[in-house]
>>> print(open('entry20.txt').read())   # compact mmCIF, N, CA and C atoms
# COMPACT_ATOMS: atom_id res chain seq x y z
N GLN A 1058 26.42 14.87 -21.90
CA GLN A 1058 25.24 14.82 -22.76
C GLN A 1058 25.40 15.88 -23.84
N ARG A 1059 25.06 15.52 -25.05
CA ARG A 1059 25.16 16.47 -26.15
C ARG A 1059 24.05 17.51 -26.05
N GLN A 1060 24.16 18.53 -26.90
CA GLN A 1060 23.13 19.56 -26.94
C GLN A 1060 21.81 18.94 -27.41
N ILE A 1061 20.73 19.35 -26.77
CA ILE A 1061 19.41 18.80 -27.07
C ILE A 1061 18.68 19.72 -28.03
N ASP A 1062 18.10 19.16 -29.07
CA ASP A 1062 17.28 19.91 -30.01
C ASP A 1062 15.85 19.91 -29.46
N TRP A 1063 15.53 20.91 -28.65
CA TRP A 1063 14.24 20.94 -27.95
C TRP A 1063 13.06 21.09 -28.91
N ARG A 1064 13.25 21.78 -30.02
CA ARG A 1064 12.14 21.89 -30.99
C ARG A 1064 11.82 20.52 -31.57
N ARG A 1065 12.84 19.74 -31.82
CA ARG A 1065 12.61 18.38 -32.33
C ARG A 1065 11.93 17.52 -31.27
N VAL A 1066 12.34 17.67 -30.03
CA VAL A 1066 11.71 16.94 -28.93
C VAL A 1066 10.23 17.29 -28.87
N ALA A 1067 9.93 18.59 -28.90
CA ALA A 1067 8.54 19.04 -28.81
C ALA A 1067 7.72 18.55 -30.00
N SER A 1068 8.33 18.46 -31.17
CA SER A 1068 7.60 18.01 -32.36
C SER A 1068 7.31 16.52 -32.32
N ASP A 1069 7.92 15.82 -31.38
CA ASP A 1069 7.73 14.37 -31.25
C ASP A 1069 6.63 14.04 -30.24
N ASP A 1070 5.69 14.96 -30.09
CA ASP A 1070 4.53 14.77 -29.22
C ASP A 1070 4.89 14.70 -27.74
N VAL A 1071 5.97 15.37 -27.35
CA VAL A 1071 6.36 15.46 -25.95
C VAL A 1071 5.76 16.74 -25.39
N ALA A 1072 5.17 16.67 -24.20
CA ALA A 1072 4.49 17.82 -23.62
C ALA A 1072 5.32 18.54 -22.56
N PHE A 1073 6.25 17.83 -21.93
CA PHE A 1073 7.01 18.47 -20.85
C PHE A 1073 8.41 17.88 -20.76
N ALA A 1074 9.29 18.60 -20.05
CA ALA A 1074 10.65 18.13 -19.79
C ALA A 1074 11.03 18.51 -18.37
N VAL A 1075 11.63 17.56 -17.67
CA VAL A 1075 12.18 17.81 -16.34
C VAL A 1075 13.70 17.77 -16.51
N ILE A 1076 14.35 18.88 -16.23
CA ILE A 1076 15.74 19.09 -16.59
C ILE A 1076 16.63 19.07 -15.35
N LYS A 1077 17.76 18.39 -15.46
CA LYS A 1077 18.69 18.34 -14.32
C LYS A 1077 19.23 19.72 -14.03
N ALA A 1078 19.09 20.13 -12.77
CA ALA A 1078 19.59 21.43 -12.33
C ALA A 1078 20.85 21.28 -11.47
N THR A 1079 20.76 20.40 -10.47
CA THR A 1079 21.82 20.32 -9.48
C THR A 1079 22.07 18.88 -9.05
N GLU A 1080 23.20 18.71 -8.36
CA GLU A 1080 23.56 17.41 -7.79
C GLU A 1080 24.34 17.67 -6.51
N GLY A 1081 23.98 16.96 -5.47
CA GLY A 1081 24.69 17.12 -4.21
C GLY A 1081 24.57 18.52 -3.65
N GLY A 1082 25.59 18.93 -2.91
CA GLY A 1082 25.54 20.22 -2.23
C GLY A 1082 26.14 21.38 -2.99
N ASP A 1083 26.82 21.10 -4.13
CA ASP A 1083 27.47 22.22 -4.80
C ASP A 1083 27.54 22.11 -6.32
N HIS A 1084 27.12 21.01 -6.89
CA HIS A 1084 27.22 20.86 -8.35
C HIS A 1084 26.00 21.46 -9.04
N VAL A 1085 26.27 22.25 -10.08
CA VAL A 1085 25.22 22.81 -10.94
C VAL A 1085 25.45 22.27 -12.35
N ASP A 1086 24.41 21.74 -12.97
CA ASP A 1086 24.53 21.24 -14.34
C ASP A 1086 24.82 22.41 -15.27
N ASP A 1087 25.91 22.33 -16.01
CA ASP A 1087 26.33 23.43 -16.88
C ASP A 1087 25.29 23.80 -17.92
N ALA A 1088 24.48 22.86 -18.34
CA ALA A 1088 23.51 23.10 -19.41
C ALA A 1088 22.12 23.45 -18.88
N PHE A 1089 21.95 23.53 -17.57
CA PHE A 1089 20.61 23.71 -17.01
C PHE A 1089 19.92 24.96 -17.53
N ALA A 1090 20.53 26.12 -17.38
CA ALA A 1090 19.86 27.37 -17.77
C ALA A 1090 19.49 27.36 -19.25
N ALA A 1091 20.42 26.92 -20.10
CA ALA A 1091 20.14 26.88 -21.54
C ALA A 1091 19.04 25.87 -21.85
N ASN A 1092 19.10 24.69 -21.25
CA ASN A 1092 18.06 23.68 -21.50
C ASN A 1092 16.69 24.16 -21.04
N LEU A 1093 16.64 24.80 -19.88
CA LEU A 1093 15.37 25.30 -19.37
C LEU A 1093 14.77 26.33 -20.33
N SER A 1094 15.59 27.27 -20.75
CA SER A 1094 15.14 28.32 -21.66
C SER A 1094 14.73 27.77 -23.02
N GLU A 1095 15.55 26.90 -23.58
CA GLU A 1095 15.27 26.37 -24.91
C GLU A 1095 14.07 25.43 -24.92
N ALA A 1096 13.92 24.63 -23.89
CA ALA A 1096 12.75 23.74 -23.82
C ALA A 1096 11.47 24.55 -23.70
N ARG A 1097 11.51 25.60 -22.89
CA ARG A 1097 10.33 26.47 -22.75
C ARG A 1097 10.04 27.17 -24.08
N ALA A 1098 11.07 27.66 -24.75
CA ALA A 1098 10.88 28.34 -26.04
C ALA A 1098 10.30 27.39 -27.09
N ALA A 1099 10.56 26.10 -26.95
CA ALA A 1099 10.02 25.10 -27.88
C ALA A 1099 8.57 24.75 -27.56
N GLY A 1100 8.04 25.34 -26.49
CA GLY A 1100 6.64 25.11 -26.14
C GLY A 1100 6.39 24.03 -25.11
N LEU A 1101 7.45 23.53 -24.50
CA LEU A 1101 7.29 22.49 -23.49
C LEU A 1101 7.05 23.10 -22.11
N ALA A 1102 6.23 22.43 -21.32
CA ALA A 1102 6.17 22.75 -19.89
C ALA A 1102 7.48 22.23 -19.31
N VAL A 1103 8.07 22.98 -18.39
CA VAL A 1103 9.39 22.60 -17.88
C VAL A 1103 9.42 22.53 -16.36
N GLY A 1104 10.31 21.70 -15.88
CA GLY A 1104 10.58 21.58 -14.46
C GLY A 1104 12.04 21.26 -14.27
N ALA A 1105 12.46 21.22 -13.00
CA ALA A 1105 13.86 20.97 -12.67
C ALA A 1105 13.96 19.81 -11.69
N TYR A 1106 15.08 19.06 -11.81
CA TYR A 1106 15.29 18.00 -10.83
C TYR A 1106 16.67 18.11 -10.20
N HIS A 1107 16.75 17.55 -9.00
CA HIS A 1107 17.99 17.50 -8.24
C HIS A 1107 18.41 16.04 -8.08
N PHE A 1108 19.67 15.76 -8.34
CA PHE A 1108 20.23 14.43 -8.12
C PHE A 1108 20.74 14.38 -6.69
N PHE A 1109 20.03 13.65 -5.84
CA PHE A 1109 20.32 13.59 -4.41
C PHE A 1109 21.44 12.61 -4.14
N THR A 1110 22.40 13.02 -3.32
CA THR A 1110 23.50 12.14 -2.94
C THR A 1110 23.50 11.95 -1.43
N PHE A 1111 23.94 10.81 -0.98
CA PHE A 1111 23.96 10.54 0.46
C PHE A 1111 25.28 10.93 1.10
N CYS A 1112 26.14 11.59 0.36
CA CYS A 1112 27.42 12.05 0.90
C CYS A 1112 27.37 13.52 1.32
N ARG A 1113 26.24 14.16 1.18
CA ARG A 1113 26.06 15.55 1.62
C ARG A 1113 24.74 15.67 2.37
N PRO A 1114 24.69 16.53 3.39
CA PRO A 1114 23.43 16.70 4.13
C PRO A 1114 22.31 17.21 3.22
N GLY A 1115 21.10 16.75 3.50
CA GLY A 1115 19.94 17.17 2.71
C GLY A 1115 19.74 18.67 2.70
N ALA A 1116 20.00 19.34 3.83
CA ALA A 1116 19.82 20.79 3.91
C ALA A 1116 20.77 21.52 2.97
N ASP A 1117 22.02 21.05 2.86
CA ASP A 1117 22.98 21.66 1.93
C ASP A 1117 22.51 21.50 0.49
N GLN A 1118 21.96 20.34 0.19
CA GLN A 1118 21.49 20.08 -1.16
C GLN A 1118 20.28 20.95 -1.50
N ALA A 1119 19.41 21.16 -0.52
CA ALA A 1119 18.25 22.04 -0.74
C ALA A 1119 18.72 23.45 -1.07
N LYS A 1120 19.71 23.95 -0.33
CA LYS A 1120 20.24 25.30 -0.59
C LYS A 1120 20.78 25.39 -2.01
N ASN A 1121 21.48 24.36 -2.45
CA ASN A 1121 22.02 24.34 -3.80
C ASN A 1121 20.90 24.43 -4.84
N PHE A 1122 19.91 23.58 -4.71
CA PHE A 1122 18.79 23.55 -5.66
C PHE A 1122 18.04 24.88 -5.67
N ILE A 1123 17.71 25.38 -4.50
CA ILE A 1123 16.95 26.63 -4.39
C ILE A 1123 17.73 27.81 -4.97
N SER A 1124 19.05 27.80 -4.82
CA SER A 1124 19.85 28.92 -5.32
C SER A 1124 19.97 28.91 -6.84
N VAL A 1125 19.72 27.78 -7.47
CA VAL A 1125 19.93 27.64 -8.92
C VAL A 1125 18.63 27.73 -9.72
N VAL A 1126 17.57 27.14 -9.22
CA VAL A 1126 16.32 27.04 -9.99
C VAL A 1126 15.51 28.33 -9.80
N PRO A 1127 15.10 28.96 -10.90
CA PRO A 1127 14.35 30.21 -10.78
C PRO A 1127 12.97 30.00 -10.15
N ARG A 1128 12.60 30.95 -9.30
CA ARG A 1128 11.28 30.86 -8.66
C ARG A 1128 10.31 31.87 -9.25
N ASN A 1129 10.77 32.67 -10.18
CA ASN A 1129 9.92 33.70 -10.78
C ASN A 1129 9.41 33.30 -12.16
N GLN A 1130 9.40 32.01 -12.44
CA GLN A 1130 8.92 31.48 -13.71
C GLN A 1130 7.98 30.31 -13.43
N PRO A 1131 7.02 30.07 -14.32
CA PRO A 1131 6.17 28.89 -14.12
C PRO A 1131 6.99 27.61 -14.32
N LEU A 1132 6.90 26.72 -13.34
CA LEU A 1132 7.63 25.45 -13.39
C LEU A 1132 6.74 24.32 -12.91
N LEU A 1133 7.01 23.14 -13.41
CA LEU A 1133 6.40 21.93 -12.86
C LEU A 1133 6.92 21.75 -11.43
N PRO A 1134 6.30 20.90 -10.63
CA PRO A 1134 6.82 20.67 -9.28
C PRO A 1134 8.27 20.19 -9.32
N PRO A 1135 9.04 20.56 -8.29
CA PRO A 1135 10.42 20.08 -8.24
C PRO A 1135 10.47 18.55 -8.14
N VAL A 1136 11.53 17.98 -8.69
CA VAL A 1136 11.69 16.53 -8.70
C VAL A 1136 13.03 16.20 -8.04
N VAL A 1137 13.05 15.13 -7.25
CA VAL A 1137 14.30 14.65 -6.66
C VAL A 1137 14.57 13.24 -7.18
N ASP A 1138 15.79 13.04 -7.66
CA ASP A 1138 16.24 11.77 -8.21
C ASP A 1138 17.13 11.11 -7.16
N ILE A 1139 16.70 9.97 -6.65
CA ILE A 1139 17.45 9.26 -5.62
C ILE A 1139 17.95 7.94 -6.19
N GLU A 1140 19.26 7.79 -6.22
CA GLU A 1140 19.86 6.56 -6.73
C GLU A 1140 21.04 6.20 -5.84
N PHE A 1141 21.32 4.93 -5.74
CA PHE A 1141 22.54 4.47 -5.08
C PHE A 1141 23.54 4.19 -6.19
N VAL A 1142 24.51 5.09 -6.33
CA VAL A 1142 25.48 4.97 -7.43
C VAL A 1142 26.90 5.02 -6.88
N GLY A 1143 27.85 4.74 -7.76
CA GLY A 1143 29.24 4.63 -7.38
C GLY A 1143 29.91 5.89 -6.85
N ASN A 1144 29.39 7.08 -7.19
CA ASN A 1144 30.07 8.29 -6.76
C ASN A 1144 29.91 8.55 -5.26
N CYS A 1145 29.00 7.85 -4.61
CA CYS A 1145 28.83 7.96 -3.16
C CYS A 1145 28.53 6.56 -2.62
N PRO A 1146 29.51 5.94 -1.99
CA PRO A 1146 29.32 4.56 -1.55
C PRO A 1146 28.44 4.38 -0.32
N ARG A 1147 28.05 5.47 0.34
CA ARG A 1147 27.24 5.35 1.56
C ARG A 1147 25.88 4.74 1.28
N ARG A 1148 25.42 3.90 2.17
CA ARG A 1148 24.09 3.31 2.10
C ARG A 1148 23.41 3.59 3.44
N PRO A 1149 22.66 4.68 3.52
CA PRO A 1149 22.05 5.05 4.80
C PRO A 1149 20.95 4.08 5.22
N SER A 1150 20.70 4.08 6.50
CA SER A 1150 19.57 3.30 7.02
C SER A 1150 18.29 3.97 6.55
N PRO A 1151 17.17 3.27 6.58
CA PRO A 1151 15.90 3.91 6.20
C PRO A 1151 15.61 5.16 7.03
N GLU A 1152 15.97 5.14 8.30
CA GLU A 1152 15.72 6.30 9.16
C GLU A 1152 16.57 7.49 8.74
N GLU A 1153 17.85 7.25 8.44
CA GLU A 1153 18.73 8.33 8.00
C GLU A 1153 18.29 8.85 6.64
N LEU A 1154 17.91 7.96 5.75
CA LEU A 1154 17.43 8.37 4.43
C LEU A 1154 16.22 9.29 4.59
N ASN A 1155 15.28 8.91 5.43
CA ASN A 1155 14.08 9.72 5.66
C ASN A 1155 14.44 11.08 6.24
N LYS A 1156 15.37 11.10 7.20
CA LYS A 1156 15.79 12.35 7.84
C LYS A 1156 16.42 13.30 6.81
N GLU A 1157 17.36 12.81 6.03
CA GLU A 1157 18.06 13.66 5.06
C GLU A 1157 17.16 14.07 3.91
N LEU A 1158 16.32 13.18 3.47
CA LEU A 1158 15.39 13.53 2.40
C LEU A 1158 14.39 14.58 2.88
N SER A 1159 13.93 14.46 4.11
CA SER A 1159 13.03 15.46 4.69
C SER A 1159 13.73 16.81 4.82
N ALA A 1160 15.02 16.79 5.17
CA ALA A 1160 15.79 18.03 5.27
C ALA A 1160 15.94 18.71 3.92
N PHE A 1161 15.87 17.94 2.85
CA PHE A 1161 15.89 18.50 1.49
C PHE A 1161 14.50 18.97 1.08
N LEU A 1162 13.51 18.11 1.26
CA LEU A 1162 12.17 18.40 0.75
C LEU A 1162 11.50 19.57 1.45
N GLY A 1163 11.67 19.70 2.75
CA GLY A 1163 11.01 20.78 3.49
C GLY A 1163 11.32 22.15 2.91
N PRO A 1164 12.59 22.54 2.83
CA PRO A 1164 12.92 23.85 2.27
C PRO A 1164 12.56 23.99 0.78
N VAL A 1165 12.74 22.92 0.02
CA VAL A 1165 12.44 22.99 -1.42
C VAL A 1165 10.95 23.21 -1.64
N GLU A 1166 10.12 22.45 -0.96
CA GLU A 1166 8.68 22.60 -1.13
C GLU A 1166 8.21 23.96 -0.63
N ALA A 1167 8.80 24.47 0.43
CA ALA A 1167 8.45 25.81 0.92
C ALA A 1167 8.86 26.88 -0.09
N ALA A 1168 10.04 26.74 -0.67
CA ALA A 1168 10.54 27.74 -1.62
C ALA A 1168 9.72 27.79 -2.90
N PHE A 1169 9.27 26.64 -3.37
CA PHE A 1169 8.57 26.59 -4.65
C PHE A 1169 7.06 26.50 -4.51
N GLY A 1170 6.58 26.30 -3.29
CA GLY A 1170 5.13 26.26 -3.05
C GLY A 1170 4.44 25.07 -3.68
N LYS A 1171 5.18 23.99 -3.90
CA LYS A 1171 4.62 22.79 -4.53
C LYS A 1171 5.21 21.56 -3.86
N THR A 1172 4.42 20.50 -3.81
CA THR A 1172 4.91 19.22 -3.31
C THR A 1172 5.85 18.63 -4.35
N ALA A 1173 7.03 18.23 -3.91
CA ALA A 1173 8.02 17.66 -4.83
C ALA A 1173 7.63 16.24 -5.22
N ILE A 1174 8.16 15.85 -6.34
CA ILE A 1174 7.94 14.50 -6.87
C ILE A 1174 9.21 13.70 -6.66
>>> encode(input="entry20.txt", output="structure tokens")
Amino acid sequence: QRQIDWRRVASDDVAFAVIKATEGGDHVDDAFAANLSEARAAGLAVGAYHFFTFCRPGADQAKNFISVVPRNQPLLPPVVDIEFVGNCPRRPSPEELNKELSAFLGPVEAAFGKTAI
């Protein structure tokens, strides 16, 4: 993704931005910190999202997200993006999906004090 002109985004009647922070158990979006700072400086309410993968345990993914997203700044509730995509061919059962998603959401919601979206 190219660099985002957050001032231009804000001038287009946009009130908030949810910015990709992490993916899986160890990936950090290279532009996250800059995008978070620049979007906030442009006057937008900001939040962070995690791209959830079924090839890593939910608890590992929660640790990744919590270690990257600042907790000492005002943020929108955390967001989790769940997609079945080519980078992880696993298709968990509904029970496994619920178990792993709960393993992610529990620590994330406790760390940020907000119900995730």
>>> closest_residue(input="entry20.txt", among="A:Phe1109, A:Phe1169, A:Phe1161, A:Phe1122", to="A:Phe1141", atoms="all atoms listed in the file")
A:Phe1109
>>> residues_around(input="entry20.txt", residues="A:Lys1120", least_positions_apart="5", cutoff="7 Å", atoms="only N, CA and C atoms", output="NGL selection string")
:A and (1082 or 1115 or 1125 or 1161)
>>> residues_around(input="entry20.txt", residues="stretch 1154-1160 of chain A", least_positions_apart="6", cutoff="7 Å", atoms="only N, CA and C atoms", output="JSON, numbers by chain")
{"A": [1114, 1115, 1116, 1117, 1119]}
>>> closest_residue(input="entry20.txt", among="A:Leu1133, A:Arg1064, A:Arg1113, A:Ile1076", to="A:Ala1098", atoms="all atoms listed in the file")
A:Arg1064
>>> residues_around(input="entry20.txt", residues="A:Val1142", least_positions_apart="5", cutoff="8 Å", atoms="all atoms listed in the file", output="MDAnalysis selection string")
chainID A and resid 1110:1111 1147
>>> closest_residue(input="entry20.txt", among="A:Leu1093, A:Ile1174, A:Ile1061, A:Val1071", to="A:His1107", atoms="only C-alpha atoms")
A:Ile1174
>>> select_by_dssp(input="entry20.txt", residues="stretch 1060-1174 of chain A", states="helix (DSSP H, G or I)", output="VMD selection string")
chain A and resid 1063 to 1068 1089 to 1098 1115 to 1125 1151 to 1169
>>> atom_distance(input="entry20.txt", atom1="atom N of A:Glu1152", atom2="atom C of A:Val1137")
17.5 Å
>>> closest_residue(input="entry20.txt", among="A:Pro1151, A:Pro1146, A:Gly1081, A:Pro1135", to="A:Ala1173", atoms="all atoms listed in the file")
A:Pro1135
>>> residues_near_point(input="entry20.txt", point="(11.4, 20.8, -25.2)", cutoff="9 Å", atoms="only C-alpha atoms", output="list of chain:residue names")
A:Ile1061, A:Asp1062, A:Trp1063, A:Arg1064, A:Arg1065, A:Val1066, A:Ala1067, A:Ser1068, A:Val1071, A:Ala1072, A:Phe1073, A:Ala1074, A:Asn1092, A:Leu1093, A:Glu1095, A:Ala1096, A:Arg1097, A:Ala1098, A:Ala1099, A:Gly1100, A:Leu1101, A:Ala1102, A:Val1103
>>> decode(input="entry20.txt", residues="stretch 1138-1163 of chain A", atoms="N, CA and C atoms", output="mmCIF file, in the first residue's frame")
data_model
loop_
_atom_site.group_PDB
_atom_site.id
_atom_site.type_symbol
_atom_site.label_atom_id
_atom_site.label_comp_id
_atom_site.auth_asym_id
_atom_site.auth_seq_id
_atom_site.Cartn_x
_atom_site.Cartn_y
_atom_site.Cartn_z
ATOM 1 N N ASP A 1138 -10.000 -8.798 11.960
ATOM 2 C CA ASP A 1138 -10.387 -9.074 10.577
ATOM 3 C C ASP A 1138 -10.206 -10.575 10.347
ATOM 4 N N ILE A 1139 -11.296 -11.265 10.077
ATOM 5 C CA ILE A 1139 -11.255 -12.710 9.863
ATOM 6 C C ILE A 1139 -11.627 -12.998 8.416
ATOM 7 N N GLU A 1140 -10.695 -13.602 7.698
ATOM 8 C CA GLU A 1140 -10.936 -13.959 6.306
ATOM 9 C C GLU A 1140 -10.335 -15.327 6.037
ATOM 10 N N PHE A 1141 -10.913 -16.048 5.128
ATOM 11 C CA PHE A 1141 -10.317 -17.289 4.641
ATOM 12 C C PHE A 1141 -9.598 -16.940 3.349
ATOM 13 N N VAL A 1142 -8.270 -16.882 3.423
ATOM 14 C CA VAL A 1142 -7.478 -16.463 2.264
ATOM 15 C C VAL A 1142 -6.397 -17.493 1.967
ATOM 16 N N GLY A 1143 -5.740 -17.314 0.837
ATOM 17 C CA GLY A 1143 -4.760 -18.265 0.349
ATOM 18 C C GLY A 1143 -3.520 -18.459 1.195
ATOM 19 N N ASN A 1144 -3.151 -17.478 2.027
ATOM 20 C CA ASN A 1144 -1.913 -17.624 2.788
ATOM 21 C C ASN A 1144 -2.030 -18.653 3.903
ATOM 22 N N CYS A 1145 -3.239 -19.074 4.233
ATOM 23 C CA CYS A 1145 -3.456 -20.116 5.232
ATOM 24 C C CYS A 1145 -4.606 -20.998 4.752
ATOM 25 N N PRO A 1146 -4.292 -22.178 4.259
ATOM 26 C CA PRO A 1146 -5.337 -23.016 3.668
ATOM 27 C C PRO A 1146 -6.262 -23.704 4.678
ATOM 28 N N ARG A 1147 -5.959 -23.619 5.971
ATOM 29 C CA ARG A 1147 -6.784 -24.304 6.976
ATOM 30 C C ARG A 1147 -8.193 -23.733 7.022
ATOM 31 N N ARG A 1148 -9.162 -24.603 7.187
ATOM 32 C CA ARG A 1148 -10.561 -24.214 7.360
ATOM 33 C C ARG A 1148 -11.053 -24.882 8.640
ATOM 34 N N PRO A 1149 -10.973 -24.177 9.760
ATOM 35 C CA PRO A 1149 -11.339 -24.794 11.036
ATOM 36 C C PRO A 1149 -12.840 -25.054 11.139
ATOM 37 N N SER A 1150 -13.169 -25.984 11.997
ATOM 38 C CA SER A 1150 -14.579 -26.231 12.300
ATOM 39 C C SER A 1150 -15.119 -25.022 13.055
ATOM 40 N N PRO A 1151 -16.421 -24.853 13.113
ATOM 41 C CA PRO A 1151 -16.979 -23.741 13.896
ATOM 42 C C PRO A 1151 -16.521 -23.770 15.356
ATOM 43 N N GLU A 1152 -16.382 -24.957 15.923
ATOM 44 C CA GLU A 1152 -15.943 -25.068 17.316
ATOM 45 C C GLU A 1152 -14.495 -24.606 17.479
ATOM 46 N N GLU A 1153 -13.623 -25.014 16.560
ATOM 47 C CA GLU A 1153 -12.226 -24.597 16.625
ATOM 48 C C GLU A 1153 -12.101 -23.099 16.377
ATOM 49 N N LEU A 1154 -12.860 -22.587 15.429
ATOM 50 C CA LEU A 1154 -12.847 -21.151 15.157
ATOM 51 C C LEU A 1154 -13.232 -20.380 16.417
ATOM 52 N N ASN A 1155 -14.289 -20.806 17.087
ATOM 53 C CA ASN A 1155 -14.743 -20.144 18.305
ATOM 54 C C ASN A 1155 -13.676 -20.210 19.395
ATOM 55 N N LYS A 1156 -13.043 -21.374 19.543
ATOM 56 C CA LYS A 1156 -12.008 -21.553 20.563
ATOM 57 C C LYS A 1156 -10.822 -20.616 20.313
ATOM 58 N N GLU A 1157 -10.315 -20.592 19.094
ATOM 59 C CA GLU A 1157 -9.139 -19.764 18.784
ATOM 60 C C GLU A 1157 -9.470 -18.277 18.794
ATOM 61 N N LEU A 1158 -10.639 -17.926 18.320
ATOM 62 C CA LEU A 1158 -11.034 -16.520 18.358
ATOM 63 C C LEU A 1158 -11.207 -16.053 19.803
ATOM 64 N N SER A 1159 -11.771 -16.894 20.646
ATOM 65 C CA SER A 1159 -11.907 -16.560 22.070
ATOM 66 C C SER A 1159 -10.540 -16.418 22.730
ATOM 67 N N ALA A 1160 -9.583 -17.258 22.327
ATOM 68 C CA ALA A 1160 -8.224 -17.171 22.869
ATOM 69 C C ALA A 1160 -7.550 -15.862 22.466
ATOM 70 N N PHE A 1161 -7.972 -15.293 21.355
ATOM 71 C CA PHE A 1161 -7.473 -13.979 20.929
ATOM 72 C C PHE A 1161 -8.222 -12.856 21.642
ATOM 73 N N LEU A 1162 -9.540 -12.924 21.611
ATOM 74 C CA LEU A 1162 -10.358 -11.820 22.121
ATOM 75 C C LEU A 1162 -10.224 -11.617 23.626
ATOM 76 N N GLY A 1163 -10.144 -12.686 24.392
ATOM 77 C CA GLY A 1163 -10.062 -12.553 25.850
ATOM 78 C C GLY A 1163 -8.916 -11.656 26.286
#
